[in-house]
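One structure below.
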Amino acid sequence: MKLKLGYKLTLSYALVAIISVLTVALLANSLIQNHFRQYVLLKGESANKSIVNDLERSYKDFGKWDLSSVQDIGSEALDNGYIVGVKNNGKEEIWDAHEYDLYRCGNVIHNMSEHMRMNFPTWKENYTVKNYDITVDDKLVGTVSIGSFPDYYSENDVLYLKTLNKVLIYSSFIALVAAIIVGFLVTNNIVRPISKVEKITKNISKGNYNQRIDEKVDTVELDNLIISINDLAKSLQKQEDIRKNLTKDVSHELKTPLTSLQITLEAFIDGIIEPTKERFSVCYEEILRLNRLVKDLEKLYSYEQDHSDINKTKFNMGEIVQNIITNFESEYKMKNITVSFSNDNLTLNADKDKITQVIINLLSNAIKYTNEGGNIEIRLFEHKTGIKLIVKDNGVGIPDEDKEYIFERFYRVDKSRTRLTGGAGIGLSIVKAIVDSHNGTIDVESKEGKGTIFSVYISN
Ligand code: ADP
């Protein structure tokens, strides 16, 4: 059965409170009953001793058994619920409560057992007679038999026990109510923000990515959950923007060159302009650019789709980097850029073609985004269990707010600028897809106007 978290927590608190309070109450009650019974038994024993002492004192005072004194002692004992019988050392009866007043004796025993039965319904009658020697100056002068209920609880004893039980019941009740109130407050403190999180995440799942949770909480896990959901909403919003831009960008990227080609060709057909070699070259450049774009998209699609088609071989990474630098020589020399390369002559076990693509994309970006007369530094060295490649330039740099998105496809920092440089915002997405497919990492550090450093790590 599915229950609301609030009910569940409050019920658990109440259950724990009830179990604890009941356990404490039952334990305390049983301990008190036990100790009180011991106390009552001792009290009975000391009452018996006191009767014996009184009889010894009487004998000593009179130098013999004095009937009237013994009767006073026996009668007082009877008032207190003790049935006394005294014999001299010749075993002759001196005084016996039954003979003195049989009716009173019966009454005393009846009243006591009625009182006990009324207060303790499970009480079992256990009338006990105990015999004691009476000695005066170390000489046996007689014996006394004392009959009583050893576990008899007087009116005061019963009252005391009842008061104790009441205190126990009241304090248990107060503890239970306090536990339920505290439980309710704590539960409310947890459930309220969770309900808010649930409401907002429902809205986010419906596509309202601009929703944020502004609840302040003092529970670490809940606080982390809220931060994560807010981050998730932020990143979903960014993804949604990128997705919306994607279709727009693809059609835009294709539309501009296609329209320009169409217009030029129509003008050729209509004889408005002369189809010269130069004009055909411009059309041809446009077609090459379109072809490049489609190929880049194809590559990206395949790299992102499947990580299993990696064709690993061992190759000299330094040689590959050096060859690529040489191929780009005319490009960077045209911009008067210096490229330096430090190489530890390292071997890498990876997909050679794909790693080549990574180096090409990083170096071509470095050249594209470095101004005339700039510097590019490439370093290759051993790192952990693999190789690290650093491509550092002192070019235009990347603004902080764009850094986390440059690996998204079609993301360009400055669209007008990159269109001029021919970039479509796919190069770094390809690099990231290849590095990911090798379980490697790529990081970027950049300062606007100062330059950019890309660090790629691929394990061997
Ligand atoms: P593009 O084909 O537009 O260069 P990329 O995916 O290669 O696309 O790069 C995405 C964006 O990242 C670029 O538009 C550019 O603004 C920025 N960028 C990439 N490399 C560099 C760099 N070395 N220096 C400055 N900006 C860079």
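Residues are referred to by chain and number: the chain letter is A, B, ... according to the order shown in the structure tokens, the number counts from 1 in that chain, and ligands are numbered separately from 1 in the order shown.
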
Item to check | Within 6 Å of ligand 1 (only C-alpha atoms and all ligand atoms), residues as a PyMOL selection string | outcome: chain A and resi 365-366+369+395-398+406+411-414+418+423-429+452

Tell me, as a PDB file with N, CA, C and O atoms, in the first residue's frame, which residues lie within 7 Å of Val129 (chain A), counting only C-alpha atoms; anything in the same chain fewer than 4 positions away does not count.
ATOM      1  N   SER A 145       3.723 -18.277  68.665  1.00  0.00           N
ATOM      2  CA  SER A 145       3.375 -18.543  67.250  1.00  0.00           C
ATOM      3  C   SER A 145       2.624 -17.307  66.745  1.00  0.00           C
ATOM      4  O   SER A 145       1.729 -16.796  67.412  1.00  0.00           O
ATOM      5  N   ILE A 146       3.072 -16.816  65.565  1.00  0.00           N
ATOM      6  CA  ILE A 146       2.424 -15.613  65.012  1.00  0.00           C
ATOM      7  C   ILE A 146       1.875 -15.958  63.619  1.00  0.00           C
ATOM      8  O   ILE A 146       2.628 -16.351  62.715  1.00  0.00           O
ATOM      9  N   GLY A 147       0.571 -15.849  63.472  1.00  0.00           N
ATOM     10  CA  GLY A 147      -0.057 -16.132  62.169  1.00  0.00           C
ATOM     11  C   GLY A 147      -0.380 -14.824  61.457  1.00  0.00           C
ATOM     12  O   GLY A 147      -0.848 -13.874  62.077  1.00  0.00           O
ATOM     13  N   SER A 148      -0.104 -14.778  60.160  1.00  0.00           N
ATOM     14  CA  SER A 148      -0.405 -13.538  59.407  1.00  0.00           C
ATOM     15  C   SER A 148      -0.353 -13.815  57.899  1.00  0.00           C
ATOM     16  O   SER A 148       0.024 -14.908  57.470  1.00  0.00           O
TER      17      SER A 148
END

Just want the 8 Å neighbourhood of region 371-382 of chain A, counted on only C-alpha atoms, with same-chain residues fewer than 5 positions away dropped. Output as a PDB file with all heavy atoms, in the first residue's frame.
ATOM      1  N   GLY A 318      53.985  11.609 -31.661  1.00  0.00           N
ATOM      2  CA  GLY A 318      54.802  12.789 -31.996  1.00  0.00           C
ATOM      3  C   GLY A 318      54.855  13.003 -33.491  1.00  0.00           C
ATOM      4  O   GLY A 318      54.719  14.136 -33.989  1.00  0.00           O
ATOM      5  N   LYS A 335      49.359  33.945 -41.542  1.00  0.00           N
ATOM      6  CA  LYS A 335      48.958  34.874 -40.468  1.00  0.00           C
ATOM      7  C   LYS A 335      50.152  35.260 -39.595  1.00  0.00           C
ATOM      8  O   LYS A 335      49.977  35.850 -38.529  1.00  0.00           O
ATOM      9  CB  LYS A 335      47.880  34.218 -39.586  1.00  0.00           C
ATOM     10  CG  LYS A 335      46.512  34.180 -40.235  1.00  0.00           C
ATOM     11  CD  LYS A 335      45.475  33.510 -39.353  1.00  0.00           C
ATOM     12  CE  LYS A 335      44.858  34.451 -38.371  1.00  0.00           C
ATOM     13  NZ  LYS A 335      43.805  33.787 -37.570  1.00  0.00           N
ATOM     14  N   ASN A 336      51.338  34.811 -40.052  1.00  0.00           N
ATOM     15  CA  ASN A 336      52.553  35.150 -39.311  1.00  0.00           C
ATOM     16  C   ASN A 336      52.557  34.587 -37.883  1.00  0.00           C
ATOM     17  O   ASN A 336      53.022  35.232 -36.943  1.00  0.00           O
ATOM     18  CB  ASN A 336      52.684  36.676 -39.269  1.00  0.00           C
ATOM     19  CG  ASN A 336      54.122  37.081 -39.441  1.00  0.00           C
ATOM     20  OD1 ASN A 336      54.998  36.213 -39.618  1.00  0.00           O
ATOM     21  ND2 ASN A 336      54.384  38.373 -39.371  1.00  0.00           N
ATOM     22  N   ILE A 337      51.946  33.420 -37.734  1.00  0.00           N
ATOM     23  CA  ILE A 337      51.852  32.797 -36.398  1.00  0.00           C
ATOM     24  C   ILE A 337      53.023  31.823 -36.229  1.00  0.00           C
ATOM     25  O   ILE A 337      53.412  31.120 -37.169  1.00  0.00           O
ATOM     26  CB  ILE A 337      50.515  32.040 -36.253  1.00  0.00           C
ATOM     27  CG1 ILE A 337      49.348  33.027 -36.240  1.00  0.00           C
ATOM     28  CG2 ILE A 337      50.485  31.176 -34.998  1.00  0.00           C
ATOM     29  CD1 ILE A 337      47.979  32.385 -36.300  1.00  0.00           C
ATOM     30  N   THR A 338      53.614  31.806 -35.013  1.00  0.00           N
ATOM     31  CA  THR A 338      54.695  30.855 -34.745  1.00  0.00           C
ATOM     32  C   THR A 338      54.098  29.630 -34.043  1.00  0.00           C
ATOM     33  O   THR A 338      53.333  29.784 -33.071  1.00  0.00           O
ATOM     34  CB  THR A 338      55.734  31.464 -33.762  1.00  0.00           C
ATOM     35  OG1 THR A 338      55.776  32.859 -33.984  1.00  0.00           O
ATOM     36  CG2 THR A 338      57.085  30.825 -33.902  1.00  0.00           C
ATOM     37  N   VAL A 339      54.467  28.447 -34.523  1.00  0.00           N
ATOM     38  CA  VAL A 339      53.987  27.218 -33.855  1.00  0.00           C
ATOM     39  C   VAL A 339      55.199  26.482 -33.290  1.00  0.00           C
ATOM     40  O   VAL A 339      56.141  26.174 -34.023  1.00  0.00           O
ATOM     41  CB  VAL A 339      53.222  26.295 -34.837  1.00  0.00           C
ATOM     42  CG1 VAL A 339      52.817  25.000 -34.139  1.00  0.00           C
ATOM     43  CG2 VAL A 339      51.999  27.001 -35.397  1.00  0.00           C
ATOM     44  N   SER A 340      55.210  26.242 -31.971  1.00  0.00           N
ATOM     45  CA  SER A 340      56.314  25.460 -31.392  1.00  0.00           C
ATOM     46  C   SER A 340      55.759  24.124 -30.907  1.00  0.00           C
ATOM     47  O   SER A 340      54.601  24.028 -30.508  1.00  0.00           O
ATOM     48  CB  SER A 340      56.946  26.222 -30.223  1.00  0.00           C
ATOM     49  OG  SER A 340      56.000  26.361 -29.191  1.00  0.00           O
ATOM     50  N   PHE A 341      56.614  23.109 -30.959  1.00  0.00           N
ATOM     51  CA  PHE A 341      56.146  21.775 -30.578  1.00  0.00           C
ATOM     52  C   PHE A 341      57.201  21.069 -29.740  1.00  0.00           C
ATOM     53  O   PHE A 341      58.344  20.904 -30.158  1.00  0.00           O
ATOM     54  CB  PHE A 341      55.836  20.975 -31.863  1.00  0.00           C
ATOM     55  CG  PHE A 341      55.482  19.536 -31.609  1.00  0.00           C
ATOM     56  CD1 PHE A 341      54.645  19.169 -30.551  1.00  0.00           C
ATOM     57  CD2 PHE A 341      55.983  18.522 -32.432  1.00  0.00           C
ATOM     58  CE1 PHE A 341      54.305  17.841 -30.330  1.00  0.00           C
ATOM     59  CE2 PHE A 341      55.657  17.188 -32.208  1.00  0.00           C
ATOM     60  CZ  PHE A 341      54.813  16.861 -31.151  1.00  0.00           C
ATOM     61  N   SER A 342      56.865  20.652 -28.522  1.00  0.00           N
ATOM     62  CA  SER A 342      57.804  19.858 -27.726  1.00  0.00           C
ATOM     63  C   SER A 342      57.218  18.468 -27.575  1.00  0.00           C
ATOM     64  O   SER A 342      56.051  18.290 -27.247  1.00  0.00           O
ATOM     65  CB  SER A 342      58.043  20.513 -26.371  1.00  0.00           C
ATOM     66  OG  SER A 342      56.927  20.340 -25.563  1.00  0.00           O
ATOM     67  N   ASN A 343      58.089  17.501 -27.866  1.00  0.00           N
ATOM     68  CA  ASN A 343      57.588  16.136 -28.047  1.00  0.00           C
ATOM     69  C   ASN A 343      58.489  15.158 -27.308  1.00  0.00           C
ATOM     70  O   ASN A 343      59.701  15.197 -27.429  1.00  0.00           O
ATOM     71  CB  ASN A 343      57.599  15.876 -29.561  1.00  0.00           C
ATOM     72  CG  ASN A 343      57.373  14.412 -29.883  1.00  0.00           C
ATOM     73  OD1 ASN A 343      56.781  13.685 -29.103  1.00  0.00           O
ATOM     74  ND2 ASN A 343      57.856  14.002 -31.049  1.00  0.00           N
ATOM     75  N   ASP A 344      57.876  14.255 -26.530  1.00  0.00           N
ATOM     76  CA  ASP A 344      58.675  13.241 -25.828  1.00  0.00           C
ATOM     77  C   ASP A 344      58.775  11.946 -26.625  1.00  0.00           C
ATOM     78  O   ASP A 344      59.123  10.903 -26.088  1.00  0.00           O
ATOM     79  CB  ASP A 344      58.036  12.952 -24.459  1.00  0.00           C
ATOM     80  CG  ASP A 344      58.288  14.083 -23.480  1.00  0.00           C
ATOM     81  OD1 ASP A 344      59.077  14.972 -23.829  1.00  0.00           O
ATOM     82  OD2 ASP A 344      57.693  14.060 -22.387  1.00  0.00           O
ATOM     83  N   LEU A 346      56.411   9.853 -28.023  1.00  0.00           N
ATOM     84  CA  LEU A 346      55.610   8.868 -27.309  1.00  0.00           C
ATOM     85  C   LEU A 346      54.745   8.031 -28.244  1.00  0.00           C
ATOM     86  O   LEU A 346      54.309   8.497 -29.288  1.00  0.00           O
ATOM     87  CB  LEU A 346      54.694   9.585 -26.314  1.00  0.00           C
ATOM     88  CG  LEU A 346      55.433  10.389 -25.254  1.00  0.00           C
ATOM     89  CD1 LEU A 346      54.473  11.305 -24.544  1.00  0.00           C
ATOM     90  CD2 LEU A 346      56.114   9.452 -24.269  1.00  0.00           C
ATOM     91  N   ALA A 366      43.034  26.779 -33.140  1.00  0.00           N
ATOM     92  CA  ALA A 366      44.057  27.664 -32.573  1.00  0.00           C
ATOM     93  C   ALA A 366      44.504  28.674 -33.628  1.00  0.00           C
ATOM     94  O   ALA A 366      44.667  29.865 -33.334  1.00  0.00           O
ATOM     95  CB  ALA A 366      45.235  26.846 -32.063  1.00  0.00           C
ATOM     96  N   ILE A 387      48.792   9.611 -22.344  1.00  0.00           N
ATOM     97  CA  ILE A 387      49.475  10.751 -22.964  1.00  0.00           C
ATOM     98  C   ILE A 387      48.620  11.996 -22.809  1.00  0.00           C
ATOM     99  O   ILE A 387      47.384  11.923 -22.910  1.00  0.00           O
ATOM    100  CB  ILE A 387      49.711  10.452 -24.469  1.00  0.00           C
ATOM    101  CG1 ILE A 387      50.909   9.521 -24.614  1.00  0.00           C
ATOM    102  CG2 ILE A 387      49.912  11.723 -25.279  1.00  0.00           C
ATOM    103  CD1 ILE A 387      51.254   9.217 -26.046  1.00  0.00           C
ATOM    104  N   LYS A 388      49.291  13.116 -22.574  1.00  0.00           N
ATOM    105  CA  LYS A 388      48.561  14.385 -22.515  1.00  0.00           C
ATOM    106  C   LYS A 388      49.024  15.266 -23.667  1.00  0.00           C
ATOM    107  O   LYS A 388      50.224  15.376 -23.925  1.00  0.00           O
ATOM    108  CB  LYS A 388      48.825  15.072 -21.174  1.00  0.00           C
ATOM    109  CG  LYS A 388      47.761  16.079 -20.853  1.00  0.00           C
ATOM    110  CD  LYS A 388      47.666  16.296 -19.374  1.00  0.00           C
ATOM    111  CE  LYS A 388      46.323  16.881 -19.026  1.00  0.00           C
ATOM    112  NZ  LYS A 388      46.132  17.053 -17.631  1.00  0.00           N
ATOM    113  N   LEU A 389      48.031  15.861 -24.343  1.00  0.00           N
ATOM    114  CA  LEU A 389      48.329  16.770 -25.455  1.00  0.00           C
ATOM    115  C   LEU A 389      47.790  18.145 -25.063  1.00  0.00           C
ATOM    116  O   LEU A 389      46.626  18.283 -24.707  1.00  0.00           O
ATOM    117  CB  LEU A 389      47.607  16.285 -26.727  1.00  0.00           C
ATOM    118  CG  LEU A 389      47.603  17.255 -27.897  1.00  0.00           C
ATOM    119  CD1 LEU A 389      48.953  17.256 -28.595  1.00  0.00           C
ATOM    120  CD2 LEU A 389      46.510  16.886 -28.903  1.00  0.00           C
ATOM    121  N   ILE A 390      48.712  19.149 -25.121  1.00  0.00           N
ATOM    122  CA  ILE A 390      48.296  20.510 -24.776  1.00  0.00           C
ATOM    123  C   ILE A 390      48.406  21.377 -26.024  1.00  0.00           C
ATOM    124  O   ILE A 390      49.458  21.374 -26.683  1.00  0.00           O
ATOM    125  CB  ILE A 390      49.226  21.116 -23.683  1.00  0.00           C
ATOM    126  CG1 ILE A 390      49.350  20.183 -22.478  1.00  0.00           C
ATOM    127  CG2 ILE A 390      48.816  22.535 -23.322  1.00  0.00           C
ATOM    128  CD1 ILE A 390      48.362  20.402 -21.391  1.00  0.00           C
ATOM    129  N   VAL A 391      47.307  22.065 -26.356  1.00  0.00           N
ATOM    130  CA  VAL A 391      47.366  23.018 -27.476  1.00  0.00           C
ATOM    131  C   VAL A 391      47.054  24.397 -26.884  1.00  0.00           C
ATOM    132  O   VAL A 391      45.940  24.636 -26.406  1.00  0.00           O
ATOM    133  CB  VAL A 391      46.348  22.654 -28.580  1.00  0.00           C
ATOM    134  CG1 VAL A 391      46.427  23.665 -29.722  1.00  0.00           C
ATOM    135  CG2 VAL A 391      46.594  21.247 -29.092  1.00  0.00           C
ATOM    136  N   LYS A 392      48.093  25.267 -26.879  1.00  0.00           N
ATOM    137  CA  LYS A 392      47.948  26.559 -26.195  1.00  0.00           C
ATOM    138  C   LYS A 392      48.147  27.690 -27.212  1.00  0.00           C
ATOM    139  O   LYS A 392      49.079  27.646 -28.017  1.00  0.00           O
ATOM    140  CB  LYS A 392      49.031  26.627 -25.099  1.00  0.00           C
ATOM    141  CG  LYS A 392      49.048  27.906 -24.323  1.00  0.00           C
ATOM    142  CD  LYS A 392      50.129  27.815 -23.260  1.00  0.00           C
ATOM    143  CE  LYS A 392      50.323  29.170 -22.611  1.00  0.00           C
ATOM    144  NZ  LYS A 392      51.467  29.178 -21.728  1.00  0.00           N
ATOM    145  N   ASP A 393      47.225  28.660 -27.183  1.00  0.00           N
ATOM    146  CA  ASP A 393      47.426  29.806 -28.082  1.00  0.00           C
ATOM    147  C   ASP A 393      47.262  31.101 -27.308  1.00  0.00           C
ATOM    148  O   ASP A 393      46.751  31.089 -26.187  1.00  0.00           O
ATOM    149  CB  ASP A 393      46.429  29.753 -29.255  1.00  0.00           C
ATOM    150  CG  ASP A 393      44.998  29.869 -28.805  1.00  0.00           C
ATOM    151  OD1 ASP A 393      44.654  30.879 -28.169  1.00  0.00           O
ATOM    152  OD2 ASP A 393      44.194  28.937 -29.078  1.00  0.00           O
ATOM    153  N   ASN A 394      47.744  32.212 -27.896  1.00  0.00           N
ATOM    154  CA  ASN A 394      47.526  33.506 -27.243  1.00  0.00           C
ATOM    155  C   ASN A 394      46.552  34.347 -28.080  1.00  0.00           C
ATOM    156  O   ASN A 394      46.752  35.515 -28.323  1.00  0.00           O
ATOM    157  CB  ASN A 394      48.848  34.249 -26.985  1.00  0.00           C
ATOM    158  CG  ASN A 394      49.589  34.566 -28.264  1.00  0.00           C
ATOM    159  OD1 ASN A 394      49.198  34.095 -29.332  1.00  0.00           O
ATOM    160  ND2 ASN A 394      50.641  35.375 -28.181  1.00  0.00           N
ATOM    161  N   GLY A 395      45.472  33.637 -28.488  1.00  0.00           N
ATOM    162  CA  GLY A 395      44.485  34.260 -29.361  1.00  0.00           C
ATOM    163  C   GLY A 395      43.379  34.989 -28.622  1.00  0.00           C
ATOM    164  O   GLY A 395      43.574  35.487 -27.505  1.00  0.00           O
ATOM    165  N   VAL A 396      42.172  34.985 -29.224  1.00  0.00           N
ATOM    166  CA  VAL A 396      41.070  35.825 -28.722  1.00  0.00           C
ATOM    167  C   VAL A 396      40.474  35.322 -27.408  1.00  0.00           C
ATOM    168  O   VAL A 396      39.833  36.083 -26.693  1.00  0.00           O
ATOM    169  CB  VAL A 396      39.934  35.933 -29.771  1.00  0.00           C
ATOM    170  CG1 VAL A 396      40.424  36.653 -31.001  1.00  0.00           C
ATOM    171  CG2 VAL A 396      39.384  34.549 -30.121  1.00  0.00           C
TER     172      VAL A 396
END

Any idea what's packed within 12 Å of Thr219 (chain A), counting only C-alpha atoms, ignoring anything in its chain fewer than 3 positions away? Could you give it as a tab-separated table (two decimals) with C-alpha atoms, in the first residue's frame?
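Here's the written file part33.tsv:
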chain	number	residue	atom	x	y	z
A	186	VAL	CA	10.29	17.18	12.14
A	187	THR	CA	8.18	15.39	9.52
A	189	ASN	CA	10.13	20.13	8.08
A	190	ILE	CA	11.14	17.31	5.71
A	191	VAL	CA	7.90	16.81	3.81
A	193	PRO	CA	10.34	21.00	0.86
A	194	ILE	CA	9.96	17.54	-0.72
A	215	GLU	CA	13.05	26.64	-0.60
A	216	LYS	CA	15.56	27.13	2.26
A	222	LEU	CA	17.56	17.92	0.79
A	223	ASP	CA	19.70	20.98	0.17
A	224	ASN	CA	21.90	18.94	-2.21
A	225	LEU	CA	18.79	17.58	-3.95
A	226	ILE	CA	17.43	21.10	-4.48

Item to check | Surrounding residues of Glu285 (chain A) excluding itself and chain neighbours under 6 positions, 12 Å, only C-alpha atoms, as a list in words | outcome: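 Once the nearby chain positions are removed, what remains is Pro257, Leu258, Ser260, Leu261, Glu278, Arg279, Asn291, Arg292 and Gly422 of chain A.
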
Output file for the residues above (N, CA, C and O atoms, as a PDB file, in the first residue's frame):
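Output file selection.pdb follows:
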ATOM      1  N   PRO A 257      24.494  29.281 -48.496  1.00  0.00           N
ATOM      2  CA  PRO A 257      25.272  28.922 -49.700  1.00  0.00           C
ATOM      3  C   PRO A 257      24.398  28.388 -50.828  1.00  0.00           C
ATOM      4  O   PRO A 257      24.656  28.676 -52.006  1.00  0.00           O
ATOM      5  N   LEU A 258      23.317  27.640 -50.488  1.00  0.00           N
ATOM      6  CA  LEU A 258      22.462  27.098 -51.545  1.00  0.00           C
ATOM      7  C   LEU A 258      21.758  28.226 -52.316  1.00  0.00           C
ATOM      8  O   LEU A 258      21.697  28.198 -53.560  1.00  0.00           O
ATOM      9  N   SER A 260      22.773  31.303 -52.614  1.00  0.00           N
ATOM     10  CA  SER A 260      23.759  32.050 -53.403  1.00  0.00           C
ATOM     11  C   SER A 260      24.125  31.268 -54.665  1.00  0.00           C
ATOM     12  O   SER A 260      24.248  31.841 -55.759  1.00  0.00           O
ATOM     13  N   LEU A 261      24.224  29.918 -54.527  1.00  0.00           N
ATOM     14  CA  LEU A 261      24.508  29.085 -55.700  1.00  0.00           C
ATOM     15  C   LEU A 261      23.366  29.171 -56.709  1.00  0.00           C
ATOM     16  O   LEU A 261      23.582  29.325 -57.907  1.00  0.00           O
ATOM     17  N   GLU A 278      36.444  32.319 -62.884  1.00  0.00           N
ATOM     18  CA  GLU A 278      36.478  32.821 -61.503  1.00  0.00           C
ATOM     19  C   GLU A 278      35.136  32.574 -60.814  1.00  0.00           C
ATOM     20  O   GLU A 278      35.069  32.150 -59.664  1.00  0.00           O
ATOM     21  N   ARG A 279      34.002  32.842 -61.565  1.00  0.00           N
ATOM     22  CA  ARG A 279      32.667  32.686 -60.984  1.00  0.00           C
ATOM     23  C   ARG A 279      32.396  31.203 -60.673  1.00  0.00           C
ATOM     24  O   ARG A 279      31.803  30.867 -59.645  1.00  0.00           O
ATOM     25  N   ASN A 291      29.909  20.595 -48.658  1.00  0.00           N
ATOM     26  CA  ASN A 291      30.320  19.196 -48.559  1.00  0.00           C
ATOM     27  C   ASN A 291      31.032  18.935 -47.225  1.00  0.00           C
ATOM     28  O   ASN A 291      30.791  17.921 -46.561  1.00  0.00           O
ATOM     29  N   ARG A 292      31.894  19.902 -46.842  1.00  0.00           N
ATOM     30  CA  ARG A 292      32.640  19.791 -45.581  1.00  0.00           C
ATOM     31  C   ARG A 292      31.667  19.726 -44.396  1.00  0.00           C
ATOM     32  O   ARG A 292      31.800  18.909 -43.501  1.00  0.00           O
ATOM     33  N   GLY A 422      34.556  30.490 -41.275  1.00  0.00           N
ATOM     34  CA  GLY A 422      34.130  29.230 -41.887  1.00  0.00           C
ATOM     35  C   GLY A 422      33.694  28.174 -40.900  1.00  0.00           C
ATOM     36  O   GLY A 422      33.329  27.080 -41.278  1.00  0.00           O
TER      37      GLY A 422
END

Next on the checklist: Residues within 8 Å of Ile458 (chain A), please, as a ChimeraX atom specification. Count only C-alpha atoms; anything in the same chain fewer than 3 positions from it doesn't count.
Outcome noted: /A:386-388,435,438-441

For the residues selected in the previous step, produce a file with C-alpha atoms as an mmCIF file, in the first residue's frame.
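And here's out34.cif as it stands now:
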data_model
loop_
_atom_site.group_PDB
_atom_site.id
_atom_site.type_symbol
_atom_site.label_atom_id
_atom_site.label_comp_id
_atom_site.auth_asym_id
_atom_site.auth_seq_id
_atom_site.Cartn_x
_atom_site.Cartn_y
_atom_site.Cartn_z
ATOM 1 C CA GLY A 386 48.633 7.662 -20.971
ATOM 2 C CA ILE A 387 49.475 10.751 -22.964
ATOM 3 C CA LYS A 388 48.561 14.385 -22.515
ATOM 4 C CA VAL A 435 37.895 11.717 -26.651
ATOM 5 C CA HIS A 438 38.469 6.626 -25.885
ATOM 6 C CA ASN A 439 37.336 7.204 -22.264
ATOM 7 C CA GLY A 440 39.676 10.184 -22.169
ATOM 8 C CA THR A 441 39.166 13.710 -20.882
#

Next on the checklist: Quick one: residues within 10 Å of Leu161 (chain A), only C-alpha atoms, excluding same-chain residues fewer than 4 positions away - as a list in words?
Outcome noted: Asn29, Ile32, Gln33, Phe36, Tyr153, Asn156, Asp157, Asn165, Lys166 and Val167 of chain A

C-alpha atoms of the current selection, written as an mmCIF file, in the first residue's frame:
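The resulting part_5.cif:
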data_model
loop_
_atom_site.group_PDB
_atom_site.id
_atom_site.type_symbol
_atom_site.label_atom_id
_atom_site.label_comp_id
_atom_site.auth_asym_id
_atom_site.auth_seq_id
_atom_site.Cartn_x
_atom_site.Cartn_y
_atom_site.Cartn_z
ATOM 1 C CA ASN A 29 6.017 -0.992 36.970
ATOM 2 C CA ILE A 32 8.432 -1.135 41.547
ATOM 3 C CA GLN A 33 6.030 -4.062 42.237
ATOM 4 C CA PHE A 36 7.550 -3.122 47.027
ATOM 5 C CA TYR A 153 -0.527 -4.581 51.734
ATOM 6 C CA ASN A 156 -1.336 3.060 53.010
ATOM 7 C CA ASP A 157 0.735 0.603 50.991
ATOM 8 C CA ASN A 165 1.127 3.934 39.007
ATOM 9 C CA LYS A 166 -0.777 7.151 38.318
ATOM 10 C CA VAL A 167 2.510 9.118 38.082
#

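Straight-line separation from CA of Tyr160 (chain A) to CA of Tyr39 (chain A): 12.7 Å.
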
Item to check | strand (DSSP E or B) per DSSP on the backbone: members of region 274-434 of chain A, as a ChimeraX atom specification | outcome: /A:312-316,338-343,347-351,375-383,386-393

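Note that CA of Tyr284 (chain A) and CA of Gly271 (chain A) are 19.3 Å apart.
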
Item to check | Counting only C-alpha atoms, the residue of A:Asp309, A:Thr385, A:Leu67, A:Gln262 that sits nearest Glu286 (chain A) | outcome: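 Ranked by minimum distance to Glu286 (chain A), first place goes to A:Gln262.
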
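For the pair CA of Lys299 (chain A) and CA of Pro399 (chain A), the separation is 27.5 Å.
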
Checklist entry - So which bits of region 166-360 of chain A end up alpha helix (DSSP H) when you DSSP the backbone, as a ChimeraX atom specification? => result /A:166-205,220-269,277-305,317-327,329-334,352-360
